[in-house]
>>> print(open('target-v7.pdb').read())   # PDB, C-alpha atoms and all ligand atoms
ATOM      1  CA  MET A   1     -81.957-165.992-110.969
ATOM      2  CA  ALA A   2     -81.326-169.335-112.620
ATOM      3  CA  LEU A   3     -83.318-170.120-115.712
ATOM      4  CA  ASP A   4     -85.205-173.359-115.681
ATOM      5  CA  GLU A   5     -86.005-174.831-119.087
ATOM      6  CA  VAL A   6     -88.986-176.708-117.736
ATOM      7  CA  LYS A   7     -90.478-173.501-116.345
ATOM      8  CA  ILE A   8     -90.039-171.876-119.766
ATOM      9  CA  THR A   9     -91.904-174.826-121.222
ATOM     10  CA  GLN A  10     -94.624-174.654-118.558
ATOM     11  CA  ALA A  11     -95.088-170.918-119.201
ATOM     12  CA  ILE A  12     -95.584-171.451-122.926
ATOM     13  CA  VAL A  13     -97.890-174.435-122.553
ATOM     14  CA  GLU A  14    -100.037-172.744-119.891
ATOM     15  CA  ARG A  15    -100.322-169.403-121.667
ATOM     16  CA  PHE A  16    -101.092-170.947-125.038
ATOM     17  CA  THR A  17    -103.687-173.222-123.504
ATOM     18  CA  GLU A  18    -105.351-170.226-121.837
ATOM     19  CA  LYS A  19    -105.507-168.447-125.202
ATOM     20  CA  LEU A  20    -106.911-171.438-127.027
ATOM     21  CA  LYS A  21    -109.493-172.098-124.301
ATOM     22  CA  SER A  22    -110.668-168.511-124.517
ATOM     23  CA  ALA A  23    -111.190-168.960-128.286
ATOM     24  CA  LEU A  24    -113.454-172.002-128.050
ATOM     25  CA  ASP A  25    -116.673-169.975-127.948
ATOM     26  CA  LEU A  26    -116.476-166.905-130.145
ATOM     27  CA  ASP A  27    -118.647-164.156-131.537
ATOM     28  CA  VAL A  28    -116.700-164.280-134.791
ATOM     29  CA  ALA A  29    -114.197-166.836-136.073
ATOM     30  CA  ILE A  30    -112.118-165.643-139.013
ATOM     31  CA  VAL A  31    -110.381-167.996-141.422
ATOM     32  CA  GLY A  32    -107.259-166.463-142.966
ATOM     33  CA  ALA A  33    -105.073-163.593-141.779
ATOM     34  CA  GLY A  34    -104.634-161.706-145.033
ATOM     35  CA  PRO A  35    -105.479-157.999-145.254
ATOM     36  CA  ALA A  36    -109.245-158.619-145.336
ATOM     37  CA  GLY A  37    -109.254-160.954-142.324
ATOM     38  CA  LEU A  38    -106.906-158.761-140.294
ATOM     39  CA  THR A  39    -109.000-155.649-140.962
ATOM     40  CA  ALA A  40    -112.206-157.462-140.015
ATOM     41  CA  ALA A  41    -110.604-158.745-136.806
ATOM     42  CA  TYR A  42    -109.337-155.288-135.857
ATOM     43  CA  LYS A  43    -112.694-153.627-136.449
ATOM     44  CA  LEU A  44    -114.741-156.281-134.631
ATOM     45  CA  ALA A  45    -112.393-156.584-131.660
ATOM     46  CA  ARG A  46    -112.339-152.814-131.272
ATOM     47  CA  GLU A  47    -116.129-152.953-130.882
ATOM     48  CA  GLY A  48    -115.686-155.397-128.015
ATOM     49  CA  PHE A  49    -116.614-158.633-129.802
ATOM     50  CA  LYS A  50    -114.807-161.868-129.093
ATOM     51  CA  VAL A  51    -112.812-162.605-132.224
ATOM     52  CA  ALA A  52    -110.107-165.032-133.275
ATOM     53  CA  ILE A  53    -108.316-165.568-136.570
ATOM     54  CA  PHE A  54    -107.009-168.960-137.632
ATOM     55  CA  GLU A  55    -104.170-168.781-140.131
ATOM     56  CA  ARG A  56    -102.687-171.775-141.872
ATOM     57  CA  LYS A  57     -99.228-170.320-142.401
ATOM     58  CA  LEU A  58     -96.423-169.383-140.019
ATOM     59  CA  SER A  59     -96.820-165.759-141.051
ATOM     60  CA  ILE A  60     -99.862-163.535-141.156
ATOM     61  CA  GLY A  61    -100.423-161.122-144.054
ATOM     62  CA  GLY A  62    -101.425-163.524-146.829
ATOM     63  CA  GLY A  63    -100.633-162.058-150.224
ATOM     64  CA  MET A  64     -99.870-158.580-148.944
ATOM     65  CA  TRP A  65     -96.215-159.107-147.945
ATOM     66  CA  GLY A  66     -95.124-159.638-151.515
ATOM     67  CA  GLY A  67     -96.608-156.408-152.931
ATOM     68  CA  GLY A  68     -96.685-156.943-156.694
ATOM     69  CA  MET A  69     -94.352-159.618-158.040
ATOM     70  CA  MET A  70     -92.145-159.292-154.926
ATOM     71  CA  PHE A  71     -91.785-155.499-155.267
ATOM     72  CA  ASN A  72     -92.842-154.935-151.659
ATOM     73  CA  GLU A  73     -95.086-151.914-152.162
ATOM     74  CA  VAL A  74     -98.864-151.998-152.398
ATOM     75  CA  VAL A  75    -101.212-149.618-154.170
ATOM     76  CA  ILE A  76    -104.422-148.455-152.537
ATOM     77  CA  GLN A  77    -107.044-145.891-153.427
ATOM     78  CA  GLU A  78    -107.899-142.960-151.185
ATOM     79  CA  GLU A  79    -110.847-144.816-149.587
ATOM     80  CA  GLY A  80    -108.634-147.713-148.505
ATOM     81  CA  ALA A  81    -105.738-145.457-147.522
ATOM     82  CA  ARG A  82    -107.888-144.208-144.643
ATOM     83  CA  ILE A  83    -107.849-147.656-143.012
ATOM     84  CA  LEU A  84    -104.067-148.021-143.281
ATOM     85  CA  GLN A  85    -103.572-144.531-141.856
ATOM     86  CA  GLU A  86    -105.916-145.398-138.985
ATOM     87  CA  VAL A  87    -103.526-148.187-137.924
ATOM     88  CA  GLY A  88    -100.482-145.936-138.294
ATOM     89  CA  VAL A  89     -99.151-146.840-141.746
ATOM     90  CA  THR A  90     -97.411-144.122-143.752
ATOM     91  CA  VAL A  91     -99.393-143.777-146.964
ATOM     92  CA  THR A  92     -97.907-141.758-149.805
ATOM     93  CA  HIS A  93     -99.804-140.137-152.630
ATOM     94  CA  TRP A  94     -98.431-141.178-156.013
ATOM     95  CA  ARG A  95    -100.703-139.668-158.720
ATOM     96  CA  GLU A  96    -104.456-139.200-159.224
ATOM     97  CA  ASN A  97    -106.255-141.714-156.951
ATOM     98  CA  TYR A  98    -103.193-143.945-156.498
ATOM     99  CA  TYR A  99    -101.568-144.153-153.079
ATOM    100  CA  THR A 100     -98.756-146.459-152.021
ATOM    101  CA  ALA A 101     -97.605-148.087-148.792
ATOM    102  CA  ASP A 102     -94.745-150.357-147.790
ATOM    103  CA  SER A 103     -96.305-153.819-147.755
ATOM    104  CA  VAL A 104     -94.278-155.041-144.758
ATOM    105  CA  GLU A 105     -95.267-151.996-142.712
ATOM    106  CA  ALA A 106     -98.906-152.484-143.726
ATOM    107  CA  VAL A 107     -99.036-156.146-142.658
ATOM    108  CA  CYS A 108     -97.257-155.463-139.357
ATOM    109  CA  ALA A 109     -99.559-152.552-138.543
ATOM    110  CA  LEU A 110    -102.767-154.438-139.360
ATOM    111  CA  GLY A 111    -101.656-157.441-137.300
ATOM    112  CA  TYR A 112    -100.606-155.281-134.375
ATOM    113  CA  ALA A 113    -103.841-153.280-134.467
ATOM    114  CA  ALA A 114    -105.961-156.444-134.528
ATOM    115  CA  ARG A 115    -104.062-158.021-131.656
ATOM    116  CA  LYS A 116    -104.013-154.852-129.546
ATOM    117  CA  ALA A 117    -107.750-154.417-130.078
ATOM    118  CA  GLY A 118    -108.156-157.851-128.473
ATOM    119  CA  ALA A 119    -108.406-160.247-131.415
ATOM    120  CA  LEU A 120    -106.591-163.539-130.923
ATOM    121  CA  ILE A 121    -104.432-164.668-133.819
ATOM    122  CA  PHE A 122    -103.572-168.345-134.142
ATOM    123  CA  ASN A 123    -100.971-169.048-136.785
ATOM    124  CA  LEU A 124    -100.035-172.547-137.935
ATOM    125  CA  ILE A 125    -103.647-173.713-137.554
ATOM    126  CA  SER A 126    -105.664-174.763-140.598
ATOM    127  CA  VAL A 127    -109.412-174.782-140.843
ATOM    128  CA  GLU A 128    -110.297-178.095-142.416
ATOM    129  CA  ASP A 129    -114.082-178.073-142.075
ATOM    130  CA  VAL A 130    -117.013-176.246-140.504
ATOM    131  CA  MET A 131    -119.451-177.212-137.788
ATOM    132  CA  VAL A 132    -123.095-177.071-138.935
ATOM    133  CA  ARG A 133    -126.313-176.898-136.951
ATOM    134  CA  GLU A 134    -129.684-177.007-138.686
ATOM    135  CA  ASP A 135    -128.633-175.392-141.959
ATOM    136  CA  ARG A 136    -126.325-172.875-140.340
ATOM    137  CA  VAL A 137    -122.577-172.675-139.927
ATOM    138  CA  ALA A 138    -121.935-172.771-136.196
ATOM    139  CA  GLY A 139    -118.162-172.935-135.928
ATOM    140  CA  LEU A 140    -114.891-174.261-137.278
ATOM    141  CA  VAL A 141    -113.032-177.534-137.335
ATOM    142  CA  ILE A 142    -109.338-176.874-136.800
ATOM    143  CA  ASN A 143    -106.116-178.800-136.905
ATOM    144  CA  TRP A 144    -102.388-178.083-136.891
ATOM    145  CA  THR A 145    -101.074-177.166-140.324
ATOM    146  CA  ALA A 146     -98.244-179.630-139.640
ATOM    147  CA  VAL A 147    -100.832-182.420-139.437
ATOM    148  CA  GLU A 148    -102.321-181.297-142.744
ATOM    149  CA  MET A 149     -98.883-181.026-144.382
ATOM    150  CA  GLY A 150     -97.779-184.371-143.031
ATOM    151  CA  GLY A 151    -100.930-186.053-144.301
ATOM    152  CA  LEU A 152    -101.333-187.509-140.824
ATOM    153  CA  HIS A 153    -104.559-189.079-139.656
ATOM    154  CA  VAL A 154    -105.096-186.978-136.531
ATOM    155  CA  ASP A 155    -108.619-185.941-135.624
ATOM    156  CA  PRO A 156    -109.269-182.204-135.337
ATOM    157  CA  LEU A 157    -110.726-180.005-132.592
ATOM    158  CA  ALA A 158    -113.682-177.620-132.859
ATOM    159  CA  VAL A 159    -114.439-173.982-132.133
ATOM    160  CA  ARG A 160    -117.975-172.632-131.699
ATOM    161  CA  SER A 161    -118.784-169.269-133.226
ATOM    162  CA  LYS A 162    -121.880-167.131-133.814
ATOM    163  CA  TYR A 163    -120.472-166.035-137.179
ATOM    164  CA  VAL A 164    -117.662-167.194-139.435
ATOM    165  CA  ILE A 165    -115.792-165.023-141.921
ATOM    166  CA  GLU A 166    -114.034-166.791-144.738
ATOM    167  CA  SER A 167    -111.156-164.556-145.851
ATOM    168  CA  THR A 168    -108.957-167.230-147.386
ATOM    169  CA  GLY A 169    -108.191-165.301-150.590
ATOM    170  CA  HIS A 170    -108.114-167.000-153.992
ATOM    171  CA  GLU A 171    -108.263-170.411-152.383
ATOM    172  CA  LEU A 172    -111.748-170.144-150.849
ATOM    173  CA  SER A 173    -110.919-173.340-149.040
ATOM    174  CA  VAL A 174    -113.718-173.489-146.458
ATOM    175  CA  LEU A 175    -116.645-172.857-148.800
ATOM    176  CA  HIS A 176    -115.337-175.533-151.158
ATOM    177  CA  VAL A 177    -115.442-178.040-148.308
ATOM    178  CA  LEU A 178    -118.964-176.976-147.303
ATOM    179  CA  GLN A 179    -120.192-177.268-150.889
ATOM    180  CA  ARG A 180    -118.548-180.634-151.455
ATOM    181  CA  LYS A 181    -119.601-182.260-148.199
ATOM    182  CA  MET A 182    -123.049-180.793-147.625
ATOM    183  CA  GLY A 183    -124.231-180.086-151.183
ATOM    184  CA  VAL A 184    -125.802-176.912-149.845
ATOM    185  CA  LYS A 185    -127.459-174.146-151.864
ATOM    186  CA  LEU A 186    -125.374-171.003-151.499
ATOM    187  CA  MET A 187    -126.685-167.434-151.758
ATOM    188  CA  THR A 188    -125.050-167.017-155.183
ATOM    189  CA  PRO A 189    -126.796-166.752-158.579
ATOM    190  CA  SER A 190    -126.279-170.460-159.371
ATOM    191  CA  GLY A 191    -126.478-171.648-155.770
ATOM    192  CA  LYS A 192    -122.862-172.813-156.138
ATOM    193  CA  ILE A 193    -119.405-171.229-156.013
ATOM    194  CA  GLU A 194    -119.209-169.123-159.174
ATOM    195  CA  GLY A 195    -115.376-169.085-159.379
ATOM    196  CA  GLU A 196    -112.802-166.336-159.829
ATOM    197  CA  ARG A 197    -112.317-164.579-163.170
ATOM    198  CA  SER A 198    -109.214-163.032-164.789
ATOM    199  CA  LEU A 199    -107.722-159.591-164.194
ATOM    200  CA  TRP A 200    -109.872-156.445-164.355
ATOM    201  CA  ALA A 201    -108.863-154.181-161.488
ATOM    202  CA  GLU A 202    -111.536-151.508-161.688
ATOM    203  CA  VAL A 203    -114.520-153.857-161.784
ATOM    204  CA  ALA A 204    -112.907-156.258-159.322
ATOM    205  CA  GLU A 205    -112.354-153.553-156.716
ATOM    206  CA  THR A 206    -116.011-152.478-156.832
ATOM    207  CA  THR A 207    -117.393-155.991-156.828
ATOM    208  CA  THR A 208    -115.188-157.047-153.921
ATOM    209  CA  LEU A 209    -117.291-154.797-151.745
ATOM    210  CA  GLU A 210    -120.618-155.854-153.269
ATOM    211  CA  ASN A 211    -119.670-159.510-152.875
ATOM    212  CA  THR A 212    -118.689-159.132-149.245
ATOM    213  CA  ARG A 213    -121.720-160.702-147.643
ATOM    214  CA  GLU A 214    -123.343-163.762-146.202
ATOM    215  CA  VAL A 215    -123.160-166.709-148.566
ATOM    216  CA  TYR A 216    -124.687-169.354-146.319
ATOM    217  CA  PRO A 217    -126.403-168.774-142.947
ATOM    218  CA  GLY A 218    -123.701-167.832-140.453
ATOM    219  CA  LEU A 219    -120.915-167.718-143.068
ATOM    220  CA  PHE A 220    -119.699-164.470-144.658
ATOM    221  CA  VAL A 221    -117.064-164.115-147.376
ATOM    222  CA  ALA A 222    -114.625-161.197-147.507
ATOM    223  CA  GLY A 223    -111.634-160.060-149.563
ATOM    224  CA  MET A 224    -110.552-162.019-152.609
ATOM    225  CA  ALA A 225    -112.656-164.943-151.372
ATOM    226  CA  ALA A 226    -115.763-162.803-151.946
ATOM    227  CA  ASN A 227    -114.962-162.397-155.643
ATOM    228  CA  ALA A 228    -114.043-166.068-155.959
ATOM    229  CA  THR A 229    -117.441-166.936-154.462
ATOM    230  CA  PHE A 230    -119.548-164.660-156.623
ATOM    231  CA  GLY A 231    -117.681-165.030-159.923
ATOM    232  CA  SER A 232    -115.930-161.703-160.182
ATOM    233  CA  PHE A 233    -112.516-160.627-161.387
ATOM    234  CA  ARG A 234    -109.092-160.501-159.753
ATOM    235  CA  MET A 235    -107.534-157.060-159.310
ATOM    236  CA  GLY A 236    -103.758-157.519-159.102
ATOM    237  CA  PRO A 237    -101.690-155.839-156.370
ATOM    238  CA  ILE A 238    -104.182-153.171-155.356
ATOM    239  CA  PHE A 239    -105.380-153.628-151.787
ATOM    240  CA  GLY A 240    -108.012-150.989-151.071
ATOM    241  CA  GLY A 241    -110.840-153.412-151.810
ATOM    242  CA  MET A 242    -109.408-155.963-149.356
ATOM    243  CA  LEU A 243    -109.294-153.428-146.520
ATOM    244  CA  LEU A 244    -112.732-152.014-147.246
ATOM    245  CA  SER A 245    -114.140-155.526-147.519
ATOM    246  CA  GLY A 246    -112.765-156.352-144.054
ATOM    247  CA  GLU A 247    -114.350-153.196-142.732
ATOM    248  CA  LYS A 248    -117.704-153.938-144.387
ATOM    249  CA  VAL A 249    -117.950-157.516-143.149
ATOM    250  CA  ALA A 250    -117.127-156.333-139.624
ATOM    251  CA  ARG A 251    -119.844-153.670-139.808
ATOM    252  CA  GLU A 252    -122.479-156.126-141.056
ATOM    253  CA  ILE A 253    -121.694-158.807-138.506
ATOM    254  CA  ALA A 254    -121.516-156.263-135.678
ATOM    255  CA  ALA A 255    -125.021-155.097-136.620
ATOM    256  CA  ARG A 256    -126.304-158.698-136.546
ATOM    257  CA  LEU A 257    -124.646-159.388-133.211
ATOM    258  CA  ARG A 258    -126.252-156.280-131.765
ATOM    259  CA  GLY A 259    -129.580-157.481-133.115
ATOM    260  CA  ASN A 260    -130.047-154.612-135.613
TER     261      ASN A 260
HETATM  262  C1  LIG B 301    -106.480-171.237-142.328
HETATM  263  C2  LIG B 301    -106.206-170.368-144.436
HETATM  264  C3  LIG B 301    -106.958-171.399-145.000
HETATM  265  C4  LIG B 301    -107.487-172.383-144.109
HETATM  266  C5  LIG B 301    -106.330-170.129-146.613
HETATM  267  O1  LIG B 301    -104.811-164.400-149.789
HETATM  268  P1  LIG B 301    -104.999-163.443-148.675
HETATM  269  O2  LIG B 301    -104.049-162.298-148.603
HETATM  270  O3  LIG B 301    -106.528-162.939-148.707
HETATM  271  P2  LIG B 301    -107.217-161.477-148.771
HETATM  272  O4  LIG B 301    -108.521-161.687-149.413
HETATM  273  O5  LIG B 301    -107.162-160.838-147.463
HETATM  274  O6  LIG B 301    -106.275-160.659-149.743
HETATM  275  C6  LIG B 301    -106.099-161.037-151.052
HETATM  276  C7  LIG B 301    -104.793-160.464-151.580
HETATM  277  O7  LIG B 301    -103.700-160.869-150.785
HETATM  278  C8  LIG B 301    -104.607-160.955-152.975
HETATM  279  O8  LIG B 301    -104.223-162.100-153.139
HETATM  280  C9  LIG B 301    -104.947-160.113-154.097
HETATM  281  C10 LIG B 301    -105.390-158.704-153.907
HETATM  282  N1  LIG B 301    -104.871-160.650-155.272
HETATM  283  C11 LIG B 301    -105.263-160.079-156.497
HETATM  284  C12 LIG B 301    -104.737-160.864-157.665
HETATM  285  O9  LIG B 301    -105.127-160.506-158.794
HETATM  286  O10 LIG B 301    -103.971-161.841-157.483
HETATM  287  O11 LIG B 301    -104.922-164.227-147.294
HETATM  288  C13 LIG B 301    -105.640-165.407-147.115
HETATM  289  C14 LIG B 301    -105.026-166.175-145.961
HETATM  290  C15 LIG B 301    -103.650-166.754-146.296
HETATM  291  O12 LIG B 301    -102.718-166.310-145.347
HETATM  292  C16 LIG B 301    -103.858-168.263-146.233
HETATM  293  O13 LIG B 301    -102.746-168.950-145.717
HETATM  294  C17 LIG B 301    -105.052-168.368-145.309
HETATM  295  O14 LIG B 301    -105.874-167.268-145.671
HETATM  296  N2  LIG B 301    -105.835-169.599-145.475
HETATM  297  N3  LIG B 301    -105.960-170.266-143.130
HETATM  298  N4  LIG B 301    -107.214-172.268-142.791
HETATM  299  N5  LIG B 301    -108.225-173.398-144.564
HETATM  300  N6  LIG B 301    -107.032-171.232-146.340
END
>>> encode(input="target-v7.pdb", output="C-alpha cells", more="lines below")
Ligand code: 48H
Amino acid sequence: MALDEVKITQAIVERFTEKLKSALDLDVAIVGAGPAGLTAAYKLAREGFKVAIFERKLSIGGGMWGGGMMFNEVVIQEEGARILQEVGVTVTHWRENYYTADSVEAVCALGYAARKAGALIFNLISVEDVMVREDRVAGLVINWTAVEMGGLHVDPLAVRSKYVIESTGHELSVLHVLQRKMGVKLMTPSGKIEGERSLWAEVAETTTLENTREVYPGLFVAGMAANATFGSFRMGPIFGGMLLSGEKVAREIAARLRGN
C-alpha cells in the first residue's frame, strides 16, 4: 500500500496529543528522568498510579549513561543491585559490597520498565515553574526545551498533579524557582535550600535516602536533588542511593495517595 506522508504526520500528531492530554491531570508528575526519577516512575506506575516524567533532554538517563568519567560502568551496593536486577539488568559482583552494571543497559532497562509499567515519559520538555494552590505545589509549568534554549518568549502550558517529585540531580532547578519566586519556607533546617557539598560517598549514600522526602507541601525531592536540598555530600559514580531514593519516594507518595 502506498505510503502517505501526511498520514504519517497525522498519526504522530494524533498519538502524541492523546499522550499529552492523558498527562494533564496526574497522580504524580516527575521532573527529570535520571535513575532516581525513572525508578520512582516505574514503582508508582506499577502500583497503578497515573505518572508522567518530564525530561529536558533528548535522552533519558541523566548522569547514569556516562558511568564514571565516561567509563560506562556504574557501581552499586547490594541493596541497590536488587532494583537493577528486578528490571532485568545483569549485575556483577566485584568485591566486598561493590557490584557493577553496564550503565547503558541500566538506563535502557529502567526506562523500559517505567514505560511498560504505564508511566508516560516526555523528553524534550522542560519544567520551568510550578503551579501553586494555597501553599501547596499543585502541578508543573512546562515548555519545549527548544523554546528554553532559543530564549524565545513563548508562554508555557500546565499540568495538574497531586504530587510532584523533583529528581533533577545536582541542578535542583524546580526548587530554586519556587524559592526565588515565592520566598517560601522549605522543610529544611534553615528553611532554604542548603546546597550540595563536596565528595564523601559513604555519608552521601546514606543521607540520600534520609533526605528523600517532602520539602514543601506536595513537592518531594529524590536522588541527587535530595542531597542538594538538604546540604549533604555528593557521592561520585555510585548509583545505589539514586535507585533506593526513587523507590523510597514512590513508597511514601503511594502511601499518601492511598490515604495511609
Ligand atoms: C526537566 C530536568 C530539569 C527541568 C533537570 O542528574 P540525574 O541523573 O539525577 P539523579 O538524581 O537521578 O541521579 C544523579 C546521578 O546521575 C549523579 O549525577 C550522581 C550520582 N552524581 C554524583 C556526583 O558526585 O557527581 O538526572 C536528572 C535529570 C537530567 O536528565 C536533567 O536533564 C533533568 O533531570 N532535568 N528535566 N525540567 N527543569 N532540570
>>> residues_near_ligand(input="target-v7.pdb", ligand="ligand LIG 301 (chain B)", cutoff="7 Å", atoms="all atoms listed in the file", output="PyMOL selection string")
chain A and resi 31-37+54-57+60-64+125-128+167-174+199+222-225+234-239+242
>>> residues_around(input="target-v7.pdb", residues="Gln179 in chain A", least_positions_apart="4", cutoff="12 Å", atoms="only C-alpha atoms", output="MDAnalysis selection string")
chainID A and resid 129:130 172:175 183:187 191:194 215:216 229
>>> resolve_selection(input="target-v7.pdb", expression="the PyMOL selection byres (((chain A and resi 145) around 7) and not hetatm)", output="list in words")
Arg56, Leu124, Ile125, Ser126, Asn143, Trp144, Ala146, Val147, Glu148 and Met149 of chain A
>>> write_last_selection(input="target-v7.pdb", atoms="C-alpha atoms", output="compact mmCIF listing (two decimals), in the coordinates of the input")
# COMPACT_ATOMS: atom_id res chain seq x y z
CA ARG A 56 -102.69 -171.78 -141.87
CA LEU A 124 -100.04 -172.55 -137.94
CA ILE A 125 -103.65 -173.71 -137.55
CA SER A 126 -105.66 -174.76 -140.60
CA ASN A 143 -106.12 -178.80 -136.90
CA TRP A 144 -102.39 -178.08 -136.89
CA ALA A 146 -98.24 -179.63 -139.64
CA VAL A 147 -100.83 -182.42 -139.44
CA GLU A 148 -102.32 -181.30 -142.74
CA MET A 149 -98.88 -181.03 -144.38
>>> resolve_selection(input="target-v7.pdb", expression="the PyMOL selection byres (((chain A and resi 69-86) around 7) and not hetatm)", output="list in words")
Trp65, Gly66, Gly67, Gly68, Val87, Gly88, Val89, Thr90, Val91, Asn97, Tyr98, Tyr99, Thr100, Ala101, Asp102, Ser103, Ala106, Pro237, Ile238, Phe239, Gly240, Gly241, Leu243 and Leu244 of chain A
>>> resolve_selection(input="target-v7.pdb", expression="the PyMOL selection byres (((chain A and resi 248) around 9) and not hetatm)", output="list in words")
Ala40, Leu209, Thr212, Arg213, Ala222, Leu243, Leu244, Ser245, Gly246, Glu247, Val249, Ala250, Arg251, Glu252 and Ile253 of chain A
>>> closest_residue(input="target-v7.pdb", among="A:Ala226, A:Ala11, A:Ala201, A:Leu38", to="Arg115 in chain A", atoms="only C-alpha atoms")
A:Leu38
>>> closest_residue(input="target-v7.pdb", among="A:Leu20, A:Ala119, A:Ile30, A:Leu44", to="Arg256 in chain A", atoms="all atoms listed in the file")
A:Leu44
>>> closest_residue(input="target-v7.pdb", among="A:Ala254, A:Ile165, A:Val154, A:Ala228", to="Thr188 in chain A", atoms="all atoms listed in the file")
A:Ala228
>>> atom_distance(input="target-v7.pdb", atom1="CA of Glu202 in chain A", atom2="CA of Thr39 in chain A")
21.3 Å
>>> atom_distance(input="target-v7.pdb", atom1="CA of Gly118 in chain A", atom2="CA of Lys43 in chain A")
10.1 Å
>>> decode(input="target-v7.pdb", residues="range 213-229 of chain A", atoms="N, CA and C atoms", output="short mmCIF file (atom, residue, chain, number, x, y, z; two decimals), in the first residue's frame")
data_model
loop_
_atom_site.label_atom_id
_atom_site.label_comp_id
_atom_site.auth_asym_id
_atom_site.auth_seq_id
_atom_site.Cartn_x
_atom_site.Cartn_y
_atom_site.Cartn_z
N ARG A 213 12.47 13.17 50.75
CA ARG A 213 11.21 13.44 51.46
C ARG A 213 10.54 14.71 50.94
N GLU A 214 9.45 15.02 51.58
CA GLU A 214 8.71 16.22 51.19
C GLU A 214 9.48 17.44 51.68
N VAL A 215 9.61 18.43 50.80
CA VAL A 215 10.37 19.62 51.18
C VAL A 215 9.46 20.85 51.22
N TYR A 216 8.33 20.72 50.59
CA TYR A 216 7.30 21.77 50.59
C TYR A 216 6.00 21.01 50.31
N PRO A 217 4.86 21.40 50.89
CA PRO A 217 3.65 20.60 50.68
C PRO A 217 3.42 20.25 49.20
N GLY A 218 3.32 18.95 48.95
CA GLY A 218 3.08 18.47 47.59
C GLY A 218 4.34 18.22 46.78
N LEU A 219 5.49 18.68 47.26
CA LEU A 219 6.74 18.55 46.49
C LEU A 219 7.78 17.73 47.25
N PHE A 220 8.16 16.59 46.65
CA PHE A 220 9.19 15.72 47.23
C PHE A 220 10.48 15.86 46.42
N VAL A 221 11.61 15.68 47.10
CA VAL A 221 12.89 15.63 46.38
C VAL A 221 13.45 14.23 46.47
N ALA A 222 14.11 13.80 45.37
CA ALA A 222 14.69 12.45 45.33
C ALA A 222 16.01 12.48 44.57
N GLY A 223 16.85 11.48 44.82
CA GLY A 223 18.13 11.37 44.13
C GLY A 223 19.09 12.45 44.57
N MET A 224 19.97 12.85 43.66
CA MET A 224 20.97 13.86 43.99
C MET A 224 20.32 15.17 44.42
N ALA A 225 19.15 15.44 43.89
CA ALA A 225 18.42 16.67 44.26
C ALA A 225 18.10 16.69 45.76
N ALA A 226 17.92 15.51 46.36
CA ALA A 226 17.61 15.45 47.78
C ALA A 226 18.81 15.93 48.61
N ASN A 227 20.01 15.51 48.20
CA ASN A 227 21.20 15.96 48.93
C ASN A 227 21.49 17.44 48.67
N ALA A 228 21.21 17.88 47.45
CA ALA A 228 21.41 19.31 47.14
C ALA A 228 20.43 20.17 47.95
N THR A 229 19.26 19.64 48.24
CA THR A 229 18.26 20.37 49.02
C THR A 229 18.67 20.47 50.49
#
